[in-house]
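Enquirer: Attaching a single structure in structure tokens format; questions to follow.
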Amino acid sequence: MKNQEFLNKALRLLPTLKETKVEVAQTVEVYKEDSEIKIEKTETYSDKQLNKGSRIYLDFGNHQVGYLHLKLGYTGSHPDAPVWMRIHFAENPVELFENAKNYRGWICSSWIEEEQIHIDTIPSEIKLPRRYAFRYLEIETIDTSMKWQLVVEDVVCRSVSSVSLDDVKPVETDDEMAKKLDRVSLRTLQNCMQDVFEDGPKRDRRMWLGDLRLQARANYYTFKNYDLAKRCMYIFAGLLFNEGKLSACVFTEPEMEPDDTYLLDYALFFSSVLLDYYEATGDLETLRDLYDVAIDQIRIAMTQLNEKNVVEDLGDAFWCFLDWGDGLNKQAGATAVLIYCIRYGIRLAKILDKQEDISWLEEKQAMLKEAAVKEFWDEALGMFVSGPDCQASWATQIWMILARVFDKETNCKLIHHVMEVNPRIRMVTPYMYHHYIDALIRCDEKELALEEMKRYWGEMIRDGADTFWELYNPYNREESPYGSSMVNSYCHAWSCTPTYFLRKFYMDNGK
Ligand code: RAM
């Protein structure tokens with residue numbers, strides 16, 4: 001069910017991407033010593049003569065999203081055969097040690113950023129057609145003729161984004177780690193801000209509603225590109241499924257099209273995306289346009305309640321996201337997200353003075369809170385439990401806190417209890433950690449929230465992150481929801497929110 005009027009609005013807001021020409025920062029040697037990756041500067045790549053099997057490693061100094069140009073020359077006899085070359089891009093040096101042939105994951109291996117090309121004419125200049133996300137580049141000459149040597153004379157990346165780092169002042173603080181968190185967050189967000197807010201420029205290179213919510217929040221405190229957020233909301237609202245549901249994710253090329261995935265939590269978040277946008281811009285016209293879509297998501301979710309007035313558990317199917325990680329039961333968390341989003345719905349309805357909606361939403365909110373406590377609270381455990389096995393997870397407690405099912409004092413006790421007990425079903429993504437930090441702040445634990453933020457995101461920086469990663473489980477560094485970390489994304493927008501927290505809650509110069 002396309003709403004062409006909405007899609008036209010989105011089309012008119014298509015950004016012109018800013019381009020920057022980025023040169024190689026240094027030529028390096030990359031190797032492993034006692035399973036630790038070492039990177040050392042070596043002689044400049046253009047001074048090297050490459051034969052069959054030679055490799056060069058280039059470091060662009062920071063994470064780039066862009067297009068690669070190569071200028072190739074030679075020494076020796078006139079080239080008498082094509083050069084066969086392998087080009088391997090890496091966001092994280094770990095990818096340079098991975099071999100796509102060994103990939104056994106369940107999502108497509110075509111995400112792995114590795115090419116093999118033949119070049120017939122040397123000297124020549126080549127431009128690779130794809131856009132890549134990377135900091136490091138490995139070039140291997142699989143074969144050349146013995147009569148001449150290949151020389152890579154120049155390598156340049158034409159980096160693209162809809163925003164520029166020059167437009168954002170760094171966060172004002174003396175705290176070195178906070179400065180780093182801010183810098184890495186900004187780079188992460190910038191490199192995901194393309195024609196739309198992409199989830200990750202390596203993978204999936206498309207827009208997910210849950211990711212959009214966090215990116216847009218961070219954007220309002222940093223790049224302040226309001227038009228991009230507006231464009232993205234109109235795209236989602238212009239691509240509803242027949243019954244009025246929002247898709248969890250959309251494609252924009254070659255045409256705007258919804259993916260066939262519905263996620264209860266992502267669809268519900270539209271109310272929060274819309275309110276955040278309105279609060280940042282005061283744009284009442286957009287709020288009026290998109291209000292019904294937001295409230296409809298709540299109405300639709302209300303049809304998914306069971307006889308106990310909580311969201312029906314749909315088990316292991318991909319029906320509600322919350323977090324990656326094995327075995328997480330979503331029932332209680334989904335119910336909490338519904339309660340949370342009703343609060344946003346009420347705030348939207350109040351702005352537009354929709355009295356009937358306000359009464360209906362308030363009534364449903366009270367009913368759901370009561371049902372959630374009755375159905376999910378386990379007095380003996382002192383935690384909420386979810387699903388047929390009464391599972392107590394971090395995600396469930398955090399969402400119940402954010403839903404404000406209990407008062408603040410009780411929520412504070414709950415979060416400390418969870419930290420003490422450390423339930424076995426933990427958080428694995430920075431996306432879920434975002435909500436943990438948010439819950440701590442809402443419990444007036446600002447200092448603890450900052451410590452936790454430094455611990456989790458800071459650890460990623462200590463592990464070499466130039467941009468924050470899609471997944472980071474300090475308990476299992478190989479963690480991947482896809483059966484192999486080869487397709488993990490190392491610049492993932494939902495991880496960029498330290499900059500949002502720092503600016504909104506810790507700095508006076510927030511907005
Ligand atoms: C993955 C991506 C994306 C996320 C969805 C649910 O494909 O990481 O960011 O929103 O899953």
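A note on labels: chains of the structure tokens are A, B, ... as shown, every chain counts residues from 1, and ligands are counted from 1 in their shown order.
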Asn488 (chain A): which residues within 8 Å, counting only C-alpha atoms, same-chain residues fewer than 5 positions away excluded, as a PyMOL selection string?

Expert: chain A and resi 203+470-471+480+482

Enquirer: Quick one: residues within 10 Å of ligand 1, with only C-alpha atoms and all ligand atoms, as a short mmCIF file (atom, residue, chain, number, x, y, z; two decimals) with all heavy atoms, in the first residue's frame?

Expert:
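Writing the result to result-v8.cif gives the following:
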```
data_model
loop_
_atom_site.label_atom_id
_atom_site.label_comp_id
_atom_site.auth_asym_id
_atom_site.auth_seq_id
_atom_site.Cartn_x
_atom_site.Cartn_y
_atom_site.Cartn_z
N ILE A 107 23.46 -16.01 6.55
CA ILE A 107 23.10 -14.94 5.60
C ILE A 107 24.15 -14.92 4.50
O ILE A 107 25.23 -15.49 4.64
CB ILE A 107 22.92 -13.54 6.25
CG1 ILE A 107 24.20 -13.04 6.89
CG2 ILE A 107 21.76 -13.53 7.22
CD1 ILE A 107 24.11 -11.58 7.30
N GLU A 198 21.35 4.56 7.12
CA GLU A 198 21.59 3.13 6.93
C GLU A 198 21.93 2.48 8.27
O GLU A 198 22.50 3.14 9.14
CB GLU A 198 22.77 2.91 5.97
CG GLU A 198 22.46 3.26 4.55
CD GLU A 198 23.64 2.98 3.61
OE1 GLU A 198 24.60 2.28 3.99
OE2 GLU A 198 23.58 3.47 2.47
N ASP A 199 21.65 1.18 8.38
CA ASP A 199 22.03 0.50 9.63
C ASP A 199 23.55 0.33 9.70
O ASP A 199 24.18 0.60 10.71
CB ASP A 199 21.28 -0.83 9.80
CG ASP A 199 21.58 -1.84 8.71
OD1 ASP A 199 22.01 -1.45 7.60
OD2 ASP A 199 21.38 -3.05 8.95
N GLY A 200 24.13 -0.12 8.59
CA GLY A 200 25.58 -0.28 8.53
C GLY A 200 26.01 -0.17 7.08
O GLY A 200 25.38 -0.77 6.21
N ARG A 203 26.97 -3.75 5.84
CA ARG A 203 25.79 -4.62 5.86
C ARG A 203 24.83 -4.10 6.93
O ARG A 203 25.31 -3.78 8.02
CB ARG A 203 26.24 -6.03 6.26
CG ARG A 203 25.41 -7.18 5.79
CD ARG A 203 25.26 -8.29 6.81
NE ARG A 203 24.25 -7.86 7.74
CZ ARG A 203 24.50 -7.59 9.01
NH1 ARG A 203 25.68 -7.75 9.55
NH2 ARG A 203 23.55 -7.14 9.80
N ASP A 204 23.52 -3.96 6.69
CA ASP A 204 22.73 -4.36 5.53
C ASP A 204 22.58 -3.23 4.51
O ASP A 204 21.83 -3.40 3.56
CB ASP A 204 21.32 -4.75 5.95
CG ASP A 204 21.24 -5.85 6.95
OD1 ASP A 204 22.04 -6.78 6.91
OD2 ASP A 204 20.37 -5.79 7.83
N ARG A 205 23.20 -2.07 4.76
CA ARG A 205 23.12 -0.95 3.82
C ARG A 205 21.68 -0.57 3.53
O ARG A 205 21.32 -0.27 2.40
CB ARG A 205 23.83 -1.29 2.51
CG ARG A 205 25.29 -1.63 2.72
CD ARG A 205 25.94 -2.17 1.47
NE ARG A 205 25.93 -1.21 0.41
CZ ARG A 205 26.94 -1.01 -0.43
NH1 ARG A 205 28.05 -1.69 -0.31
NH2 ARG A 205 26.85 -0.14 -1.40
N ARG A 206 20.82 -0.67 4.55
CA ARG A 206 19.41 -0.28 4.34
C ARG A 206 18.86 0.26 5.65
O ARG A 206 19.56 0.29 6.67
CB ARG A 206 18.59 -1.46 3.83
CG ARG A 206 18.26 -2.50 4.85
CD ARG A 206 17.68 -3.73 4.21
NE ARG A 206 18.67 -4.34 3.34
CZ ARG A 206 18.82 -5.66 3.17
NH1 ARG A 206 18.02 -6.50 3.77
NH2 ARG A 206 19.76 -6.14 2.40
N MET A 207 17.64 0.66 5.63
CA MET A 207 17.10 1.37 6.78
C MET A 207 16.14 0.49 7.58
O MET A 207 15.15 -0.01 7.05
CB MET A 207 16.38 2.61 6.27
CG MET A 207 15.86 3.46 7.38
SD MET A 207 15.43 5.11 6.85
CE MET A 207 14.22 4.82 5.60
N TRP A 208 16.47 0.32 8.86
CA TRP A 208 15.62 -0.41 9.79
C TRP A 208 15.01 0.59 10.77
O TRP A 208 15.70 1.51 11.22
CB TRP A 208 16.44 -1.43 10.57
CG TRP A 208 16.91 -2.62 9.79
CD1 TRP A 208 18.00 -2.68 8.97
CD2 TRP A 208 16.32 -3.92 9.76
NE1 TRP A 208 18.13 -3.93 8.44
CE2 TRP A 208 17.10 -4.72 8.91
CE3 TRP A 208 15.20 -4.49 10.37
CZ2 TRP A 208 16.81 -6.06 8.65
CZ3 TRP A 208 14.91 -5.84 10.12
CH2 TRP A 208 15.70 -6.60 9.27
N LEU A 209 13.75 0.36 11.13
CA LEU A 209 13.07 1.35 11.97
C LEU A 209 13.68 1.47 13.37
O LEU A 209 13.82 2.57 13.91
CB LEU A 209 11.59 0.96 12.09
CG LEU A 209 10.58 2.05 11.76
CD1 LEU A 209 9.17 1.49 11.71
CD2 LEU A 209 10.65 3.24 12.67
N GLY A 210 14.07 0.34 13.93
CA GLY A 210 14.65 0.37 15.27
C GLY A 210 15.98 1.10 15.28
O GLY A 210 16.31 1.83 16.22
N ASP A 211 16.75 0.92 14.23
CA ASP A 211 18.05 1.60 14.12
C ASP A 211 17.82 3.09 13.89
O ASP A 211 18.48 3.94 14.50
CB ASP A 211 18.87 1.04 12.94
CG ASP A 211 19.06 -0.47 13.01
OD1 ASP A 211 18.05 -1.19 13.15
OD2 ASP A 211 20.21 -0.93 12.92
N LEU A 212 16.86 3.40 13.01
CA LEU A 212 16.54 4.80 12.71
C LEU A 212 16.25 5.59 13.98
O LEU A 212 16.68 6.73 14.15
CB LEU A 212 15.34 4.86 11.75
CG LEU A 212 14.72 6.25 11.55
CD1 LEU A 212 15.69 7.22 10.90
CD2 LEU A 212 13.44 6.15 10.72
N ALA A 248 9.50 -3.51 9.08
CA ALA A 248 10.65 -3.30 9.98
C ALA A 248 11.80 -2.64 9.24
O ALA A 248 12.65 -1.99 9.84
CB ALA A 248 11.10 -4.63 10.55
N CYS A 249 11.80 -2.80 7.91
CA CYS A 249 12.95 -2.31 7.16
C CYS A 249 12.53 -2.03 5.72
O CYS A 249 11.58 -2.64 5.22
CB CYS A 249 14.04 -3.38 7.29
SG CYS A 249 14.81 -4.00 5.87
N THR A 261 9.29 -7.96 6.25
CA THR A 261 9.47 -8.29 7.67
C THR A 261 8.69 -7.32 8.54
O THR A 261 8.85 -6.09 8.42
CB THR A 261 10.96 -8.15 8.05
OG1 THR A 261 11.72 -8.90 7.11
CG2 THR A 261 11.23 -8.67 9.45
N LEU A 263 8.18 -6.42 12.52
CA LEU A 263 8.64 -6.66 13.90
C LEU A 263 7.80 -5.77 14.80
O LEU A 263 7.76 -4.54 14.61
CB LEU A 263 10.12 -6.31 14.05
CG LEU A 263 11.13 -7.21 13.33
CD1 LEU A 263 12.53 -6.63 13.40
CD2 LEU A 263 11.12 -8.62 13.96
N TYR A 266 9.70 -2.78 16.46
CA TYR A 266 10.15 -1.76 15.51
C TYR A 266 8.96 -0.92 15.02
O TYR A 266 9.05 0.30 14.95
CB TYR A 266 10.88 -2.41 14.33
CG TYR A 266 12.35 -2.70 14.59
CD1 TYR A 266 12.83 -2.89 15.88
CD2 TYR A 266 13.28 -2.77 13.55
CE1 TYR A 266 14.18 -3.15 16.13
CE2 TYR A 266 14.63 -3.03 13.79
CZ TYR A 266 15.07 -3.23 15.08
OH TYR A 266 16.40 -3.48 15.31
N PHE A 318 10.77 -14.70 14.08
CA PHE A 318 11.33 -13.34 14.08
C PHE A 318 10.16 -12.35 14.08
O PHE A 318 9.81 -11.78 13.07
CB PHE A 318 12.20 -13.19 12.82
CG PHE A 318 13.12 -12.01 12.84
CD1 PHE A 318 13.92 -11.73 13.94
CD2 PHE A 318 13.22 -11.16 11.73
CE1 PHE A 318 14.79 -10.65 13.95
CE2 PHE A 318 14.09 -10.08 11.74
CZ PHE A 318 14.86 -9.82 12.84
N CYS A 320 9.57 -10.05 16.97
CA CYS A 320 9.89 -8.90 17.80
C CYS A 320 11.39 -8.97 17.98
O CYS A 320 11.94 -10.05 18.16
CB CYS A 320 9.15 -9.05 19.13
SG CYS A 320 9.64 -7.86 20.38
N PHE A 321 12.09 -7.83 17.92
CA PHE A 321 13.56 -7.94 17.93
C PHE A 321 14.17 -7.92 19.34
O PHE A 321 14.74 -8.89 19.78
CB PHE A 321 14.18 -6.86 17.03
CG PHE A 321 15.68 -6.90 17.09
CD1 PHE A 321 16.37 -8.03 16.67
CD2 PHE A 321 16.40 -5.84 17.62
CE1 PHE A 321 17.76 -8.10 16.77
CE2 PHE A 321 17.79 -5.90 17.71
CZ PHE A 321 18.46 -7.03 17.29
N LEU A 322 14.10 -6.84 20.03
CA LEU A 322 14.71 -6.59 21.35
C LEU A 322 16.24 -6.69 21.34
O LEU A 322 16.92 -5.76 21.69
CB LEU A 322 14.17 -7.51 22.44
CG LEU A 322 12.68 -7.50 22.76
CD1 LEU A 322 12.42 -8.37 24.00
CD2 LEU A 322 12.09 -6.14 22.96
N ASP A 323 16.78 -7.83 20.95
CA ASP A 323 18.23 -8.02 20.95
C ASP A 323 18.53 -9.31 20.19
O ASP A 323 17.66 -10.17 20.06
CB ASP A 323 18.73 -8.17 22.40
CG ASP A 323 20.23 -7.94 22.53
OD1 ASP A 323 20.86 -7.48 21.56
OD2 ASP A 323 20.77 -8.20 23.62
N TRP A 324 19.76 -9.42 19.69
CA TRP A 324 20.20 -10.73 19.21
C TRP A 324 20.58 -11.56 20.43
O TRP A 324 20.56 -11.07 21.54
CB TRP A 324 21.41 -10.59 18.27
CG TRP A 324 21.10 -10.04 16.92
CD1 TRP A 324 21.59 -8.90 16.38
CD2 TRP A 324 20.24 -10.61 15.92
NE1 TRP A 324 21.11 -8.70 15.11
CE2 TRP A 324 20.27 -9.73 14.81
CE3 TRP A 324 19.43 -11.76 15.85
CZ2 TRP A 324 19.54 -9.97 13.64
CZ3 TRP A 324 18.72 -11.99 14.69
CH2 TRP A 324 18.77 -11.11 13.61
N THR A 429 24.05 -6.74 22.06
CA THR A 429 24.28 -5.67 21.08
C THR A 429 24.38 -4.31 21.77
O THR A 429 23.74 -4.09 22.81
CB THR A 429 23.12 -5.58 20.06
OG1 THR A 429 21.91 -5.34 20.80
CG2 THR A 429 22.97 -6.83 19.25
N TYR A 431 22.86 -1.95 20.78
CA TYR A 431 21.45 -1.51 20.73
C TYR A 431 20.77 -1.78 22.08
O TYR A 431 20.11 -0.92 22.64
CB TYR A 431 20.75 -2.26 19.60
CG TYR A 431 19.26 -2.08 19.55
CD1 TYR A 431 18.71 -0.95 18.96
CD2 TYR A 431 18.40 -3.04 20.08
CE1 TYR A 431 17.33 -0.78 18.90
CE2 TYR A 431 17.02 -2.87 20.03
CZ TYR A 431 16.50 -1.75 19.44
OH TYR A 431 15.14 -1.58 19.39
N TRP A 469 30.71 -1.10 16.72
CA TRP A 469 30.35 -2.34 16.04
C TRP A 469 28.89 -2.72 16.26
O TRP A 469 28.27 -2.34 17.25
CB TRP A 469 31.26 -3.48 16.54
CG TRP A 469 32.72 -3.16 16.41
CD1 TRP A 469 33.28 -2.22 15.59
CD2 TRP A 469 33.80 -3.76 17.14
NE1 TRP A 469 34.65 -2.22 15.76
CE2 TRP A 469 34.99 -3.14 16.70
CE3 TRP A 469 33.87 -4.77 18.10
CZ2 TRP A 469 36.25 -3.50 17.20
CZ3 TRP A 469 35.12 -5.12 18.59
CH2 TRP A 469 36.29 -4.50 18.14
N GLU A 470 28.42 -3.55 15.35
CA GLU A 470 27.04 -4.06 15.42
C GLU A 470 26.83 -4.92 16.66
O GLU A 470 25.79 -4.88 17.30
CB GLU A 470 26.78 -4.88 14.16
CG GLU A 470 25.48 -5.65 14.16
CD GLU A 470 25.33 -6.51 12.92
OE1 GLU A 470 26.35 -6.81 12.27
OE2 GLU A 470 24.20 -6.87 12.60
N LEU A 471 27.83 -5.74 16.94
CA LEU A 471 27.75 -6.72 18.03
C LEU A 471 28.94 -6.54 18.92
O LEU A 471 30.04 -6.36 18.42
CB LEU A 471 27.94 -8.12 17.44
CG LEU A 471 26.80 -9.02 17.10
CD1 LEU A 471 26.00 -9.37 18.30
CD2 LEU A 471 26.00 -8.56 15.95
N PRO A 481 25.20 -13.20 15.23
CA PRO A 481 23.87 -13.81 15.07
C PRO A 481 23.76 -14.55 13.74
O PRO A 481 22.75 -15.18 13.47
CB PRO A 481 22.93 -12.61 15.09
CG PRO A 481 23.75 -11.41 14.77
CD PRO A 481 25.18 -11.74 15.07
N TYR A 482 24.79 -14.44 12.90
CA TYR A 482 24.68 -14.94 11.53
C TYR A 482 25.45 -16.24 11.30
O TYR A 482 25.67 -16.64 10.16
CB TYR A 482 25.15 -13.86 10.55
CG TYR A 482 24.57 -12.50 10.87
CD1 TYR A 482 25.37 -11.46 11.30
CD2 TYR A 482 23.19 -12.30 10.80
CE1 TYR A 482 24.82 -10.23 11.63
CE2 TYR A 482 22.64 -11.07 11.12
CZ TYR A 482 23.46 -10.05 11.54
OH TYR A 482 22.91 -8.84 11.88
N ASN A 488 29.70 -9.77 10.14
CA ASN A 488 29.36 -8.74 11.13
C ASN A 488 29.72 -7.37 10.57
O ASN A 488 30.65 -7.24 9.78
CB ASN A 488 30.15 -8.95 12.43
CG ASN A 488 29.57 -10.06 13.29
OD1 ASN A 488 28.71 -10.81 12.86
ND2 ASN A 488 30.06 -10.17 14.51
N SER A 489 28.99 -6.37 11.04
CA SER A 489 29.26 -5.01 10.59
C SER A 489 30.02 -4.30 11.70
O SER A 489 29.68 -4.43 12.88
CB SER A 489 27.90 -4.35 10.30
OG SER A 489 27.91 -3.00 10.58
N HIS A 492 28.16 0.34 12.86
CA HIS A 492 26.73 0.07 12.91
C HIS A 492 26.06 1.18 13.72
O HIS A 492 26.36 1.40 14.88
CB HIS A 492 26.48 -1.29 13.53
CG HIS A 492 25.33 -2.00 12.89
ND1 HIS A 492 25.37 -2.49 11.61
CD2 HIS A 492 24.08 -2.25 13.35
CE1 HIS A 492 24.20 -3.04 11.30
NE2 HIS A 492 23.40 -2.91 12.33
N ALA A 493 25.11 1.82 13.04
CA ALA A 493 24.59 3.08 13.59
C ALA A 493 23.94 2.93 14.96
O ALA A 493 24.00 3.85 15.77
CB ALA A 493 23.61 3.67 12.62
N TRP A 494 23.35 1.79 15.25
CA TRP A 494 22.66 1.69 16.54
C TRP A 494 23.65 1.73 17.70
O TRP A 494 23.26 1.78 18.85
CB TRP A 494 21.74 0.48 16.59
CG TRP A 494 22.37 -0.90 16.59
CD1 TRP A 494 23.66 -1.24 16.85
CD2 TRP A 494 21.68 -2.14 16.35
NE1 TRP A 494 23.84 -2.60 16.78
CE2 TRP A 494 22.62 -3.17 16.47
CE3 TRP A 494 20.35 -2.47 16.04
CZ2 TRP A 494 22.28 -4.52 16.29
CZ3 TRP A 494 20.02 -3.80 15.87
CH2 TRP A 494 20.98 -4.80 15.99
N SER A 495 24.94 1.69 17.37
CA SER A 495 25.96 1.74 18.41
C SER A 495 26.47 3.14 18.69
O SER A 495 27.37 3.33 19.49
CB SER A 495 27.17 0.91 17.98
OG SER A 495 26.77 -0.29 17.40
#
```

Enquirer: Do you know which residues are at most 6 Å from region 127-142 of chain A counting only C-alpha atoms, after dropping those on the same chain fewer than 3 positions away, and could you put them as a list in words?

Expert: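 Close residues of region 127-142 of chain A: Lys52, Gly53, Ser54, Arg55, Ile56, Tyr57, Leu58, Asp59, Phe60, Asn62, His63, Gln64, Val65, Gly66, Tyr67, Leu68, His69, Trp84, Met85, Arg86, Ile87, His88, Phe89, Ala90, Glu91, Pro201 and Lys202 of chain A.
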
Enquirer: Would you output that residue set with N, CA, C and O atoms, as a JSON list (two decimals), in the first residue's frame?

Expert:
```json
[["chain", "number", "residue", "atom", "x", "y", "z"],
["A", 52, "LYS", "N", 53.88, -12.14, -8.82],
["A", 52, "LYS", "CA", 52.87, -13.15, -8.47],
["A", 52, "LYS", "C", 52.90, -13.39, -6.95],
["A", 52, "LYS", "O", 53.97, -13.63, -6.38],
["A", 53, "GLY", "N", 51.75, -13.27, -6.31],
["A", 53, "GLY", "CA", 51.67, -13.57, -4.87],
["A", 53, "GLY", "C", 52.02, -12.41, -3.94],
["A", 53, "GLY", "O", 51.88, -12.53, -2.73],
["A", 54, "SER", "N", 52.45, -11.27, -4.48],
["A", 54, "SER", "CA", 52.78, -10.12, -3.60],
["A", 54, "SER", "C", 51.51, -9.54, -2.99],
["A", 54, "SER", "O", 50.44, -9.58, -3.60],
["A", 55, "ARG", "N", 51.69, -8.98, -1.79],
["A", 55, "ARG", "CA", 50.55, -8.33, -1.13],
["A", 55, "ARG", "C", 50.98, -6.98, -0.59],
["A", 55, "ARG", "O", 52.10, -6.86, -0.07],
["A", 56, "ILE", "N", 50.07, -6.02, -0.66],
["A", 56, "ILE", "CA", 50.31, -4.78, 0.08],
["A", 56, "ILE", "C", 49.09, -4.48, 0.93],
["A", 56, "ILE", "O", 47.96, -4.85, 0.58],
["A", 57, "TYR", "N", 49.36, -3.85, 2.08],
["A", 57, "TYR", "CA", 48.27, -3.48, 2.98],
["A", 57, "TYR", "C", 48.27, -1.97, 3.14],
["A", 57, "TYR", "O", 49.31, -1.38, 3.48],
["A", 58, "LEU", "N", 47.11, -1.37, 2.91],
["A", 58, "LEU", "CA", 47.00, 0.08, 3.00],
["A", 58, "LEU", "C", 46.07, 0.45, 4.14],
["A", 58, "LEU", "O", 45.05, -0.20, 4.37],
["A", 59, "ASP", "N", 46.46, 1.51, 4.84],
["A", 59, "ASP", "CA", 45.64, 1.97, 5.96],
["A", 59, "ASP", "C", 45.18, 3.39, 5.63],
["A", 59, "ASP", "O", 46.00, 4.28, 5.42],
["A", 60, "PHE", "N", 43.87, 3.60, 5.61],
["A", 60, "PHE", "CA", 43.32, 4.93, 5.30],
["A", 60, "PHE", "C", 43.17, 5.81, 6.54],
["A", 60, "PHE", "O", 42.57, 6.88, 6.46],
["A", 62, "ASN", "N", 41.33, 6.02, 9.06],
["A", 62, "ASN", "CA", 40.05, 5.99, 9.79],
["A", 62, "ASN", "C", 39.03, 5.25, 8.92],
["A", 62, "ASN", "O", 39.29, 5.00, 7.75],
["A", 63, "HIS", "N", 37.88, 4.96, 9.47],
["A", 63, "HIS", "CA", 36.85, 4.24, 8.72],
["A", 63, "HIS", "C", 36.31, 5.10, 7.58],
["A", 63, "HIS", "O", 36.00, 6.27, 7.78],
["A", 64, "GLN", "N", 36.24, 4.52, 6.39],
["A", 64, "GLN", "CA", 35.73, 5.24, 5.21],
["A", 64, "GLN", "C", 34.53, 4.51, 4.62],
["A", 64, "GLN", "O", 34.44, 3.29, 4.70],
["A", 65, "VAL", "N", 33.65, 5.30, 4.01],
["A", 65, "VAL", "CA", 32.58, 4.71, 3.20],
["A", 65, "VAL", "C", 32.71, 5.39, 1.85],
["A", 65, "VAL", "O", 32.53, 6.62, 1.76],
["A", 66, "GLY", "N", 33.07, 4.63, 0.83],
["A", 66, "GLY", "CA", 33.27, 5.32, -0.44],
["A", 66, "GLY", "C", 33.70, 4.41, -1.56],
["A", 66, "GLY", "O", 33.60, 3.19, -1.49],
["A", 67, "TYR", "N", 34.20, 5.07, -2.59],
["A", 67, "TYR", "CA", 34.52, 4.41, -3.86],
["A", 67, "TYR", "C", 36.03, 4.44, -4.07],
["A", 67, "TYR", "O", 36.68, 5.45, -3.81],
["A", 68, "LEU", "N", 36.55, 3.32, -4.58],
["A", 68, "LEU", "CA", 38.00, 3.19, -4.68],
["A", 68, "LEU", "C", 38.50, 3.43, -6.11],
["A", 68, "LEU", "O", 37.94, 2.88, -7.06],
["A", 69, "HIS", "N", 39.56, 4.23, -6.20],
["A", 69, "HIS", "CA", 40.22, 4.49, -7.49],
["A", 69, "HIS", "C", 41.66, 4.01, -7.39],
["A", 69, "HIS", "O", 42.34, 4.31, -6.41],
["A", 84, "TRP", "N", 45.87, -10.33, -12.51],
["A", 84, "TRP", "CA", 44.74, -10.92, -11.78],
["A", 84, "TRP", "C", 44.94, -10.51, -10.31],
["A", 84, "TRP", "O", 45.96, -10.84, -9.71],
["A", 85, "MET", "N", 43.96, -9.79, -9.80],
["A", 85, "MET", "CA", 44.17, -9.13, -8.52],
["A", 85, "MET", "C", 43.05, -9.44, -7.53],
["A", 85, "MET", "O", 41.89, -9.59, -7.94],
["A", 86, "ARG", "N", 43.42, -9.55, -6.28],
["A", 86, "ARG", "CA", 42.39, -9.72, -5.24],
["A", 86, "ARG", "C", 42.43, -8.46, -4.36],
["A", 86, "ARG", "O", 43.50, -8.03, -3.92],
["A", 87, "ILE", "N", 41.27, -7.89, -4.14],
["A", 87, "ILE", "CA", 41.22, -6.68, -3.30],
["A", 87, "ILE", "C", 40.28, -6.98, -2.13],
["A", 87, "ILE", "O", 39.12, -7.35, -2.33],
["A", 88, "HIS", "N", 40.82, -6.84, -0.94],
["A", 88, "HIS", "CA", 40.07, -7.23, 0.25],
["A", 88, "HIS", "C", 39.94, -5.99, 1.15],
["A", 88, "HIS", "O", 40.95, -5.42, 1.56],
["A", 89, "PHE", "N", 38.71, -5.60, 1.45],
["A", 89, "PHE", "CA", 38.46, -4.43, 2.28],
["A", 89, "PHE", "C", 38.18, -4.88, 3.71],
["A", 89, "PHE", "O", 37.51, -5.90, 3.91],
["A", 90, "ALA", "N", 38.63, -4.09, 4.67],
["A", 90, "ALA", "CA", 38.37, -4.49, 6.06],
["A", 90, "ALA", "C", 38.04, -3.27, 6.92],
["A", 90, "ALA", "O", 38.80, -2.30, 6.96],
["A", 91, "GLU", "N", 36.90, -3.34, 7.60],
["A", 91, "GLU", "CA", 36.56, -2.30, 8.58],
["A", 91, "GLU", "C", 37.41, -2.52, 9.83],
["A", 91, "GLU", "O", 37.81, -1.59, 10.50],
["A", 201, "PRO", "N", 27.07, 0.56, 6.78],
["A", 201, "PRO", "CA", 27.47, 0.74, 5.38],
["A", 201, "PRO", "C", 28.13, -0.50, 4.76],
["A", 201, "PRO", "O", 28.24, -0.59, 3.55],
["A", 202, "LYS", "N", 28.54, -1.48, 5.58],
["A", 202, "LYS", "CA", 29.00, -2.75, 5.01],
["A", 202, "LYS", "C", 27.79, -3.68, 4.85],
["A", 202, "LYS", "O", 27.63, -4.32, 3.82]]
```

Enquirer: Using DSSP on the backbone coordinates, identify all residues within region 281-469 of chain A classified as alpha helix (DSSP H); present the result as a ChimeraX atom specification.

Expert: /A:281,284-302,331-351,355-376,394-402,408-421,430-442,446-462

Enquirer: Rank A:Tyr490, A:Tyr221, A:Tyr340, A:Phe376 by their smallest atom-to-atom distance to Asp463 (chain A), using only C-alpha atoms, and report the top residue only.

Expert: A:Tyr490

Enquirer: Compile the contact shell of region 498-503 of chain A as a VMD selection string: residues with an atom at most 10 Å away, counting only C-alpha atoms, same-chain residues fewer than 2 positions apart removed.

Expert: chain A and resid 170 to 173 178 to 186 189 214 to 222 430 434 437 to 438 441 446 449 to 450 453 to 454 457 495 to 496 505 to 511

Enquirer: Env of Gln194 (chain A): 6 Å cut, atoms = only C-alpha atoms, seq-sep filter 2 positions within chain, self excluded. Answer as an NGL selection string.

Expert: :A and (161-162 or 192 or 196)

Enquirer: Could you name the residues that touch Arg187 (chain A) at 8 Å or less, counting only C-alpha atoms, but leaving out those on the same chain fewer than 5 positions away, as number ranges by chain?

Expert: A: 63, 165, 466-467

Enquirer: So that I can check the secondary structure, give me every residue of region 58-141 of chain A assigned strand (DSSP E or B) by backbone DSSP, as JSON, numbers by chain.

Expert: {"A": [58, 59, 60, 61, 62, 63, 64, 65, 66, 67, 68, 69, 70, 71, 72, 73, 74, 75, 76, 83, 84, 85, 86, 87, 88, 89, 90, 114, 115, 116, 117, 118, 119, 124, 125, 126, 127, 132, 133, 134, 135, 136, 137, 138, 139, 140, 141]}
